[in-house]
Structure formats: C-alpha cells, structure tokens
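A.B. asks: Dropping the structure in here first, questions after.
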There are 4 protein chains.
Amino acid sequence: MITVSIVGASGYGGGELLRLLLFHPHVKIQQVTSESLAGKLVGRAHPNLRKITGLKFSSMADLKPCDVLCLCLPHGAAMERCGELLGLGERILDLSADFRLRNPADYPIWYGHDHPHPEWLGRFVYGLAELNREEIRTARHIACTGCLAAASILSLAPLLRAGAVDPSRIFIEGKIGSSAGGNKADQSSHHPERSGAVRSFKPTGHRHTAEMLQELDFGTRPEIHFSGTAIELVRGILITAHTFVTGGQTEKDIWGIYRKAYDKEPFIRIIKEQQGIYRYPEPKTLAGTNYCDIGFERDPHTDRLVVMGALDNLVKGAAGQAVQNLNIMFGWDERTGLEFPGLHP
Amino acid sequence: MITVSIVGASGYGGGELLRLLLFHPHVKIQQVTSESLAGKLVGRAHPNLRKITGLKFSSMADLKPCDVLCLCLPHGAAMERCGELLGLGERILDLSADFRLRNPADYPIWYGHDHPHPEWLGRFVYGLAELNREEIRTARHIACTGCLAAASILSLAPLLRAGAVDPSRIFIEGKIGSSAGGNKADQSSHHPERSGAVRSFKPTGHRHTAEMLQELDFGTRPEIHFSGTAIELVRGILITAHTFVTGGQTEKDIWGIYRKAYDKEPFIRIIKEQQGIYRYPEPKTLAGTNYCDIGFERDPHTDRLVVMGALDNLVKGAAGQAVQNLNIMFGWDERTGLEFPGLHP
Amino acid sequence: MITVSIVGASGYGGGELLRLLLFHPHVKIQQVTSESLAGKLVGRAHPNLRKITGLKFSSMADLKPCDVLCLCLPHGAAMERCGELLGLGERILDLSADFRLRNPADYPIWYGHDHPHPEWLGRFVYGLAELNREEIRTARHIACTGCLAAASILSLAPLLRAGAVDPSRIFIEGKIGSSAGGNKADQSSHHPERSGAVRSFKPTGHRHTAEMLQELDFGTRPEIHFSGTAIELVRGILITAHTFVTGGQTEKDIWGIYRKAYDKEPFIRIIKEQQGIYRYPEPKTLAGTNYCDIGFERDPHTDRLVVMGALDNLVKGAAGQAVQNLNIMFGWDERTGLEFPGLHP
Amino acid sequence: MITVSIVGASGYGGGELLRLLLFHPHVKIQQVTSESLAGKLVGRAHPNLRKITGLKFSSMADLKPCDVLCLCLPHGAAMERCGELLGLGERILDLSADFRLRNPADYPIWYGHDHPHPEWLGRFVYGLAELNREEIRTARHIACTGCLAAASILSLAPLLRAGAVDPSRIFIEGKIGSSAGGNKADQSSHHPERSGAVRSFKPTGHRHTAEMLQELDFGTRPEIHFSGTAIELVRGILITAHTFVTGGQTEKDIWGIYRKAYDKEPFIRIIKEQQGIYRYPEPKTLAGTNYCDIGFERDPHTDRLVVMGALDNLVKGAAGQAVQNLNIMFGWDERTGLEFPGLHP
C-alpha cells in the first residue's frame, strides 16, 4: 500500500481521480484538499461518493508528505508553487498543463506568459504511457497530458512515426463535452445557454495544440491545424483528423500500423466495423473508462485518411491516465483500478 | 400603434416579450431596459435578435412615459418601486409575482416577507385570459401568472368550476425546464451538473401554489399538493395532476366539460388521442408558442382522473400571456403576434 | 466459481447483467443467447464489451445445464416455456414480469391475459433483497422486480410497515428514461421524436402498480395511484410519492424509521441535505450503480410527506438486483461485482 | 393566391414546408400527400399543426394540377416518376437530391446508380438564392440543395469566388442533428443509442460533397475533404471549414469580402463578436429560422482561415430555402412567411 494525496480534489479531475483511487487495491488515500470545502465530507463536492467514503477535505496548508502527490489544480497554480508543493511527494503526478511543455519558449506562445520555473520542465515526463512507458517507469515527476492532446496524439502517433501520413497536412476537429471546462459556473456554462449548443469555442489557437506539436514530432515537426467545438455532452471527446497517406497506403496497411503499435496496449482499441451503429469510436460508450478508441477510413476518391479518436476527457484524458501512470511507476498491472468497461446504452 | 417599453429586457422573460412584440403589427417598442447592458444592442443579450433590430438597451433611470409598461424584473423588485414605476405607463403588465396575490397575508406565508405596498394588490387583475377575460379588457394593471400556476390552473379550472372533481384531493407534479430559473448562472445551472438532472427542487412549498389556491377557489378552497421537479429541458412545463371525479363522470363527461369551457379559446387545445406518440400534451412541440395543451385519462380501476397540462413557461407561462392580455386590452384579435405554431420535430 | 448462462443477452437488461457478471470473481459465464446474433461476438450488441470478452452468442436451442440460469426475455416469453427453460438451471433468476405476481388473478387485470402456468407462481420469490432477504437466501427461483416497482417499494415500504403513512392515499409519479423501453426501435423511440420529450406514456394502469400493491400490503391493502412519464434520459428513474403521515410524524421521526429499516443495507442511501444541488436523490449520479437513493420532505402546511426514490432502471431495477440476489443465494458479500460508485459529473 | 401541393408531406421536410406555407399570405395549400396517412388529418404526422389546420393527407394518385408542386420524397423516388409528377405543377420545387447535379456522370460516383432521366437535369436550377437568384427568378424547375451543402457553399462561396482562399485545400467537418436522417425509425435512431452520440456517420464519401464541388467551382475545381458527424441535436448544422488564405488576407479583408457578397442578403448574417458566448454561429438559436449564420477566425500562427456556418437543416437547408425560392419566383418579398427569428434560450 502506498499513500496518495490529491491537491485540488473538489474539481472534476480531482474528484475522478479520487473515485478511481478509492477502489485501487494498492492505494491508501492520505489527504484530499479543497480550500473552500476544508473540513467537509468529500460527498459534498462529489455526490457519487456519498456513503462510499468518510474522507474529508483538508486545506493545502495542512498537507503532509506522502508517497505520491497528485496535483489537480487550475492551470498556473502548481507552477507558481513548485518549491512548496513538489517536495511533498516522493513522486508527483501533475494533471495540469504546468509542466507538459519541454521548451520554455512554448509557454508565452500558447499560454501567454513565461513559465516562472523553467528549470522544472526538464524533470517532468510527458505522461502518455503508449508513447513514454519506459520513461514513466522510472520517473519521479509526471505531467499528465491534455485531454484533446491525448486523443489526438494517440490517434496519430503510429501513423506519423511510420511515415504513413504527411506531417505537413494535419487537420483536427475536436468535439468536446462541458465537463472539460471545469466545475466553475459562469454564463457560458449556464444550462439554458449551453444545452444543445454547438459552440466554436476555439477555432484556432487551442493550447493543447502545443502538446501535439511537441509529441508528434518524429523527426519532422508536424503542421497541425486544430479547431475545438463544444457540443451537447458532459463527458467525452471525439477528434476527427484529416490526414494524407504518403504512399498509397491501403486500409489494410493502416490496420497493420495500428496493430503493430497498439496490439499489446490495454487501453487502446481499434474500432472499425463493416456495419452497425458503432462502426467507429463513440465517446458515449467510454464515459468512466480509460479506453481510447481509434478508427479510420480511407477516402476512396483521394489520398485522404480520416482518423477518429474517442476517450473520456476526465479518465483517459486526465485521472485514469494518472492512475495508469501510477500503476506503471509501481510495477502493478496497468489495468489495476481501471477495469470499468463503460455502459451501454 | 401603441408604444410599449419593457423593463428588465435582458432576462429570458423580457427577451421573449421583446421577440414577440418586435413582430406585433400594432406595437412600437419604445424602450427596453437593462442596467448591465445599457447602451448595448439587444442582440448582445439575445442572439436570436441580431440583425432583426437595431434597438439598444436603456437604463431604467431614462425611462419615458409610454402606453404600456411591461415589467420583467426579478421577484421583489417591482413591488419596492411601485411609486416610481407604475406611473410610467398608461397600462402596466407585470410578469413577476409581485402583484399576483390578492390577500396581503399570503405574501409572508409563501414569499417569506410582507408586501411593502399592499394597497396596490387590489388594483391588479390576475392575467389569465381564460379565467378573467372581461376584467382584463378594462384593466389598467395586470399581473401575469406564474408559469406552473398557469399550467395547473388552466388544466383544473373547468373541472373544479363544474364540481366534477373533489377539491380536497388534488396532487400536482410539475416538471419544468431550466429557463424557468432565469438567466443568472450559478452552480445549480452549471451544465455538467444540470444536464440530465431529475432534480426535486421544490417537493413542498412551491410559491406558485399560492396562485393555484387563489384562482381555483370556486366556492370551496381547494387542497393542492404540489411538487416541482426540474428535468432535462430548456423550455417547457408538463404538470401531471391526480384528481378524483365526484360522481362517476366518464371520459366523455370530462370531454364535455372541457369543450364547454374552452371551445372558443384560441390557445387551449384538448389533446387526447387513441394512438400515436403524441396522445397527450407534450411540451416539446410547444416551444415558442402560446398554446396550453390539456389532456386527461380516467383510471379504469378507481375514480382517479389524471390531467396533464403543457405549455412553454416563457410564452403562455409569461411573455405570450402578456401579449395575449395586451391584445385583449386593446381589442385586437387575441392571436395577433402569437401565430407561431411550434416546431416538429 | 459457478456457471451462469443468460438467456436474451442482446437486450439492455441482459447486456447489463453480462457486463456485471464478466467482472464477478465467483462467476463463469457459460452461455449467452440471442437468436438474431447467434454466433456473433457479444460486442456486436454491446459496444462497451468489445475487447473485454471473446464470448459469442448462442441460440437458445443450444443451452446447456448450468448452476444459475438468468432469463432476460421480453414479457410473456418465459412463462410460455416454463417446462423447457426452468429445468436448465439449478437456480433461476427471471428478470421479466412473468413470475412476479403471486395471485394468478392479477395477470388478467394488469397484463390482459391469463398466466399459462400459474402453478409456477408460488415457487418464485419476489427478489427485492431489502424486503425478502431470508427467502432469497434459500430460494431456487427468483422473480426480479419491475424497475419502477423497485423504486416505489423501496421508498415506501418502511413507512407503510411502520404505520407512519396512510395506505389509502398514495400518489406516485414515476419519471423514467428511454432504456426502460428496451432495445427495439420504433416510432416512439425515434430520436427526433423522443429527444426532449416529456411524454405521459402511462397516466393510469401501469403494470408495475400490481407489484406495488402486492408488496406494500402490510396488513392493509394500499391504494396506489401511479402515473408514468418518460423524460429526456437514457438510464434512470425518479419516483415522487405523495403520502400523508398518520400521527403528525416529524422529519426526525421519518429519519428514524428509514434508519431503522435501512441502516445496514449496502445499496440504500438516505439523501436529504440542507443545501447544495444534490439535496435529494438524483438518478443521473446513479447510472451504472446498484444504489437506490431515498429522500423525503414534510410539507410545512399540511400532513403531506413527499418521498423521492432514485435508481438506475437497468441496475438496481434489473441486472444489479439480480446480481445482488445471486450474491445472497450463494452467501457472498452482497456488494460483490456491484462496487461501481457512479460518475460525477 | 397561388395553389401549392406538397408531395411527401408526412416527412420532416414536407411537414416543415407545410408549416411555413400555412402561414404564407399568398399561398393556398391545395393538397398534401402521404400514402400511409391518406385520409388522416395532417396533425397525425405533425403534432404542432393540430387545430392549426383541418387539412387531410391525400394519396399521390389523387393529385390535381396546381401552380407549384413541391416534391419532398426520399432520394430516388422523384427521378423515377419524372413523367408522372413533373407535369402536375406549373412550377416544380424538388427538395430531394434527384435533380441537383448537372453532370449525369456524378450520379454513379456519389449515389451509386445512373440517373434514369438525365435529360431533366439541365432543366433544373440549383436553388440557392444567394448564388443563383437571377436564374431562380425565371425558373420553372428548382432543385433545392442538400442541407450540409447549403451550409458549406454559403460559407465558402464568397471566399473562393474572390480568390481569397486556396481551392485545393478545403477541409470541412459537418456536425448535424438527428432530424436530417428523416422520420423513419431504425436502430441507428433508437433514442438509447442515438442520445448523446458523437457518431462519425460519414467520414468520407458524403453525397453532399458532389454539390459542393459543383457549386464552388469558380474556374478552378476545388478539392473538398468533407466528414460528417452526427451529434446530440435534433435540428441544426454547424460546418467548420479549414481553408488557407492565398495572399495574407487579414480578418478585415475577409470581413470585406463577406460584406460585399452578403450585405443585402436577408438570410445571411456574419457573426463574429469579440466577447460573449455567441461569438460565432450557433445552430441552436437558428431552429425554425431561415438564417444561415457565418463566422470566421484567422489562425495567428499560420495562413489558416477557419470558417463556421450554421443553419437549420429543415429550414434554410430544405423547406425555408424552398419558400425563399418560391418568393423569388413570384416576385414577393423574399422574407414572406420566413420572419420567425428563432428562440433564445
């Protein structure tokens, strides 16, 4: 049993991490923090955990050392407190964007400000197991990935690494649910306005693009044209990527590339069926699961290859990914605590 | 052409009234107020009105006299400013609850405070045309009804007036969409929380009950047991009322009572079909319309009569009702400006 | 390890049972049947189970004896085949309505036809653990309950058993999602029609009322007035019950009654909080879980007590209940295989 | 007053056309056909029209000559019956794809079969007023456009015509609601499956692409890479198009191009605001309206220009477009019968 504390556990990412770890056989939750709910039962923030646990929120000021400290703070909060926070855990799992980008110069471009502690950036491993499993195994600091970045990178990495698609022509449309915006209410999330919306919230300049550019560079820096649209959905992401095959690769060739890359991956499924209504990845069946489902279709008229990737932004895109990394770091079966298969219907 | 001004026009009720009146052939909108958006185009609050009108919001302080002043303020705001506001219009249409209850003693019971100007209560007519058309015709002050009250009263009044159902056993379950909560965002309306909710927001003590008790008293004060549940819906109400027939009335008898009461009503439809998926009132087809659809079913095992009433809380439950009252007051066809039939699907 | 087969496993109830049992540590799934999908992978019907299991559907004709046979057939199918089916399992768990009513005379009243094998009715135990745990422990045949019946009975049984509410005045409004209608598409479930609907599908005469009348009879046959409304929701039920306390019982008294009845129940939670947006039972947080959450509120103006009960119709209202019964029959911890706590948001 | 008959009026497109024309001041509906509902009130198919009209469906066999015959049949039905149908109206408005493509060779490519009456193709005008107003004015046969094609073409035509974007690099993601699939229920539209879905129904090969290629050819045949995704929505389309400016055009330049093209268009609005939650086109506010809202954003890091276009697939994408064409053909104000501004919220 290891001890884990979660900083910022009243939010959606932190709550999801708590939900997963409460049922993890090798983990003892030591502390969970929330400044506004300190002293209150966690069920106050997360109704699904009522009567599941008697755990109460602590203040960050009362944090004690632990084996693994998970940071689920809003962007910018952890990077400001590197000194204070990063020493409290033998290992650190950060779920924000604060340590994802290796090049300090990327922060002003994509986040609009300098990183106050660029010396920490090199110590963090980008926590996508399917790309960096070996580094994660021995890492002490992990930066979990952005949700839209996770879906995009997992969908495209095998193709780009294999040179099967042109890195200079990548177009990604990310469709995403409302939970990705966090638990703070405002006019944009007000139900009468948000319900049924198809909102172009980030046609250009989405911050997760920076991660895609960093992680999908297999020798050639790719050009990635990303747009984000918020749709009627609470949990879930579907990215639709338009790419172009470089040498007439057939659907069978593409199958082969994915199979080689992901055959042994416990949380990647290639979804491509001849018939039925679930022929391609569908985020609605992934809510609560750690799967990333990937599908593709070759355009019969052109060289275009359309790739679809789906996942739950709060699980494979955040908390589940963190648990998967934890499992890798400690040598446990990667699926531990992540067995939930999702619901149908 | 008459001049109409709308106070509190950036909210949902005020915005809907503005939408309707912009297309009303006998009305000229003089001013619409919003303190926070004064000077801005109305499209800023109501995206559906962009390019439809060049009207801008004014501050309440700049209001000028007009033929009809419509008050769309939050509960309590108008009653505090009787002197200031009620003289600005030749006629007043209030859409809040501030002047709905005739008995000042009802305010502390249902609203938790005394009415500051009880002398005004007697001057307002309860603005439900189907009950009070003659008084409305000559009224100078109209209190439009609560949305759940409108659905409940319209559904039950003919039966109670005819003595066909027992006034001492009335159970009403009101299901309602999120727009009824107004346009102010808070945690309860935050999309990830509100989406898909089935929330018992008012199991007992709903304020609209006071109006039902007042308006459904046809000699015997009824006992009305009301509960309100918020469901996944933006616009719309369905009330389901359990009543008991007093003398073995058949479905045909009930038909007769409704027909007699509502045969000439332009905005009441009795919906009761043998087959199909729209056998009973369905609020989803009423969005944007001024209809109140009513249906019923006799329990074959008991004396119970279940009555269903549906309407759009922002139209027949608020702004459309106001326009209907306006039409009556000025002797125009009651349907003027209210012709929109709703969408399917 | 026991062997379990599921008859009718391509439907929603059967699929949910399969999902739960695939992760049950003491169960080996032997066969799952579907006539239309015989020979196909179960993932064809249930996309959430793709890559989780390599199990294929069998035809009912190929069923082999097993320890426990679970019947998930449409109403009427199992009762017709008693001889053929009921001998195939050492124990039988039926999820349909075919053996729920003890009195054969109730079938023509509520289901419109005689029961072809009334001799079997007495052998089945009504499978609601909270009421009949001891009988279930030794039963060989279990009739799992109707979903709306489960929510209603669990919510009201303690109060009626304690004599705290008047059995002659019970009004229940059941709000329910679309999955309760099964997996067969028709015009009523066509998305453009069903989406956003608030459909009075059974204002009177709902069949589950028969179970409520049977199971809530603690000496006095109750009078239960039930109406069912389909709302925008896939999984979930909220029942809102209006009852009347018999002797001025306070909220504290009611708390005591529920606590006494349910304190040790693993799947019942009393939800009643002073503040927040989850003050009362909310089905959206129960999707995928085996909880039945119960709340209540005393009307300050009358003797009315409003009781709310929420559950997932496919879990506590069907498959999860079956697993709970299985656990009881075999002496395992009742929570085995039912640990999923639900998602938020 | 002209006489109009609608063939196939029980479907969604036909029903919408009927709704609009019932309130059109210059139109008398002569006949509406439905084979399955012949003799029944139109309210049987369209609950929003109950009590609005006493019109009944006829059989196609009973059609009489009329001034304008509107064909709302499934794809392939009208082209088979050219001789029989096209002579019944002085003018023809076809809402299917049967006469949209001018080049007969396109039918086998995109629709998988030859056109049985290619001689008719040249007689039909492609009915998008913003492109072909002059031809429509004098046309006798109009082929109304595909819904996704309308949104895409209207969004991109001014840019391509002006040479402002590269015709060889156009990527369009179309998000669309369930009503576009028509009123026939099947497994794919079954509410438990379709609700909350984000379904890649046509990653490549969408038939509407053929219309885009035809209509967006301003000297250079464009290369259009289209994917379609069905989302949780009943009515509405949002297309997100990635294009590349050819000569460093700024946002102001793009504004100028759109203004020049659409300044006098009654149903095109350029939506691009600095703040608020409706900064870009939002289909939810367009339900029931004939608007096509268009917005755009220049990527600050590259030459990419993202263009968004929104409309109601049943109105501007079908029936409203037909009414607009009718108004043009008869010289009436184009907005006649199309004044509904849409709802908020």
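Just remember, in the structure tokens the first chain shown is A, the second B, etc., residues are 1-based per chain, and ligands are 1-based in the order shown.
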Can you work out which residues from chain C touch chain D at a cut-off of 9 Å (counting only C-alpha atoms) and hand them back as a list in words?

C.D. replies: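 On the chain C side, the interface is Gly177, Ser178, Ser179, Gly182, Asn183, Lys184, Ala185, Asp186, Gln187, Ser188, Ser189, His190, His191, Pro192, Glu193, Arg194, Ser195, Glu232, Leu233, Val234 and Arg235 of chain C.
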
A.B. asks: Taking C-alpha atoms for each residue, export the selection above as a PDB file, in the first residue's frame.

C.D. replies:
ATOM      1  CA  GLY C 177     -35.534   7.177 -19.197  1.00  0.00           C
ATOM      2  CA  SER C 178     -35.719   5.608 -22.615  1.00  0.00           C
ATOM      3  CA  SER C 179     -33.707   2.459 -21.913  1.00  0.00           C
ATOM      4  CA  GLY C 182     -35.932  -1.986 -24.417  1.00  0.00           C
ATOM      5  CA  ASN C 183     -33.701  -2.159 -27.441  1.00  0.00           C
ATOM      6  CA  LYS C 184     -36.298  -2.439 -30.194  1.00  0.00           C
ATOM      7  CA  ALA C 185     -36.542   0.697 -32.275  1.00  0.00           C
ATOM      8  CA  ASP C 186     -39.915   2.114 -33.218  1.00  0.00           C
ATOM      9  CA  GLN C 187     -41.500   5.468 -33.921  1.00  0.00           C
ATOM     10  CA  SER C 188     -41.885   6.226 -30.213  1.00  0.00           C
ATOM     11  CA  SER C 189     -38.142   5.867 -29.649  1.00  0.00           C
ATOM     12  CA  HIS C 190     -37.071   7.640 -32.850  1.00  0.00           C
ATOM     13  CA  HIS C 191     -34.562  10.231 -31.672  1.00  0.00           C
ATOM     14  CA  PRO C 192     -36.091  13.321 -33.284  1.00  0.00           C
ATOM     15  CA  GLU C 193     -39.389  12.459 -31.575  1.00  0.00           C
ATOM     16  CA  ARG C 194     -38.109  11.117 -28.286  1.00  0.00           C
ATOM     17  CA  SER C 195     -35.370  13.645 -27.651  1.00  0.00           C
ATOM     18  CA  GLU C 232     -35.109  13.046 -21.600  1.00  0.00           C
ATOM     19  CA  LEU C 233     -32.844  10.499 -20.013  1.00  0.00           C
ATOM     20  CA  VAL C 234     -31.475   7.135 -21.078  1.00  0.00           C
ATOM     21  CA  ARG C 235     -30.937   5.420 -17.734  1.00  0.00           C
TER      22      ARG C 235
END

A.B. asks: Pairing the C-alpha atoms in order and superposing chain A on chain D, what is the resulting RMSD?

C.D. replies: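 Per the least-squares fit, the RMSD is 0.0 Å.
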
A.B. asks: Just how far from atom CA of Leu71 of chain D is atom CA of Glu134 of chain D, in Å to one decimal?

C.D. replies: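 Computed distance, atom CA of Glu134 of chain D to atom CA of Leu71 of chain D, equals 22.1 Å.
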
A.B. asks: Just want the 7 Å neighbourhood of Ile176 of chain A, counted on only C-alpha atoms, with same-chain residues fewer than 5 positions away dropped. Output as a list in words.

C.D. replies: Thr229, Ala230, Ile231, Gly236, Ile237 and Leu238 of chain A

A.B. asks: Go ahead and dump the residues you just picked, C-alpha atoms, as a compact mmCIF listing (two decimals), in the first residue's frame.

C.D. replies:
# COMPACT_ATOMS: atom_id res chain seq x y z
CA THR A 229 -16.11 22.72 -30.79
CA ALA A 230 -18.12 22.26 -27.62
CA ILE A 231 -21.16 20.06 -28.11
CA GLY A 236 -16.27 12.80 -23.85
CA ILE A 237 -14.13 13.77 -26.76
CA LEU A 238 -14.16 12.80 -30.38

A.B. asks: If we count only C-alpha atoms, what is near Arg81 of chain B at a cut-off of 10 Å, once residues fewer than 5 positions away on the same chain are taken out, given as number ranges by chain?

C.D. replies: B: 76, 86, 116-117

A.B. asks: Compile the contact shell of Arg50 of chain B as a VMD selection string: residues with an atom at most 12 Å away, counting only C-alpha atoms, same-chain residues fewer than 4 positions apart removed.

C.D. replies: (chain B and resid 19 40 to 46 54 to 56) or (chain D and resid 267 to 273 278 to 279 281 285 to 286 291 293 341 to 344)

A.B. asks: Based on the backbone DSSP call, show me all residues of segment 155-264 of chain C assigned helix (DSSP H, G or I), as a count of residues only.

C.D. replies: 38

A.B. asks: With a distance cut-off of 12 Å and only C-alpha atoms, select the neighbouring residues of Leu213 of chain D, excluding the residue or stretch itself and same-chain residues fewer than 5 positions from it, and output the selection as number ranges by chain.

C.D. replies: D: 100-103, 106, 110, 149, 152-153, 156-157, 160, 167-168, 170, 206-208, 218-226

A.B. asks: Check which residues of segment 74-148 of chain D sit at most 7 Å from segment 328-339 of chain D using only C-alpha atoms, and return one row each with the closest pair of atoms and their distance in Å to one decimal, ordered by chain and rising number, as a tab-separated table.

C.D. replies:
residue	atom	partner	partner_atom	distance
D:Ile136	CA	D:Met329	CA	6.2
D:Arg137	CA	D:Met329	CA	4.5
D:Thr138	CA	D:Met329	CA	6.3

A.B. asks: What does the distance from atom CA of Leu305 of chain A to atom CA of Gln214 of chain A come to in Å, to one decimal?

C.D. replies: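 These atoms are spaced 22.0 Å apart.
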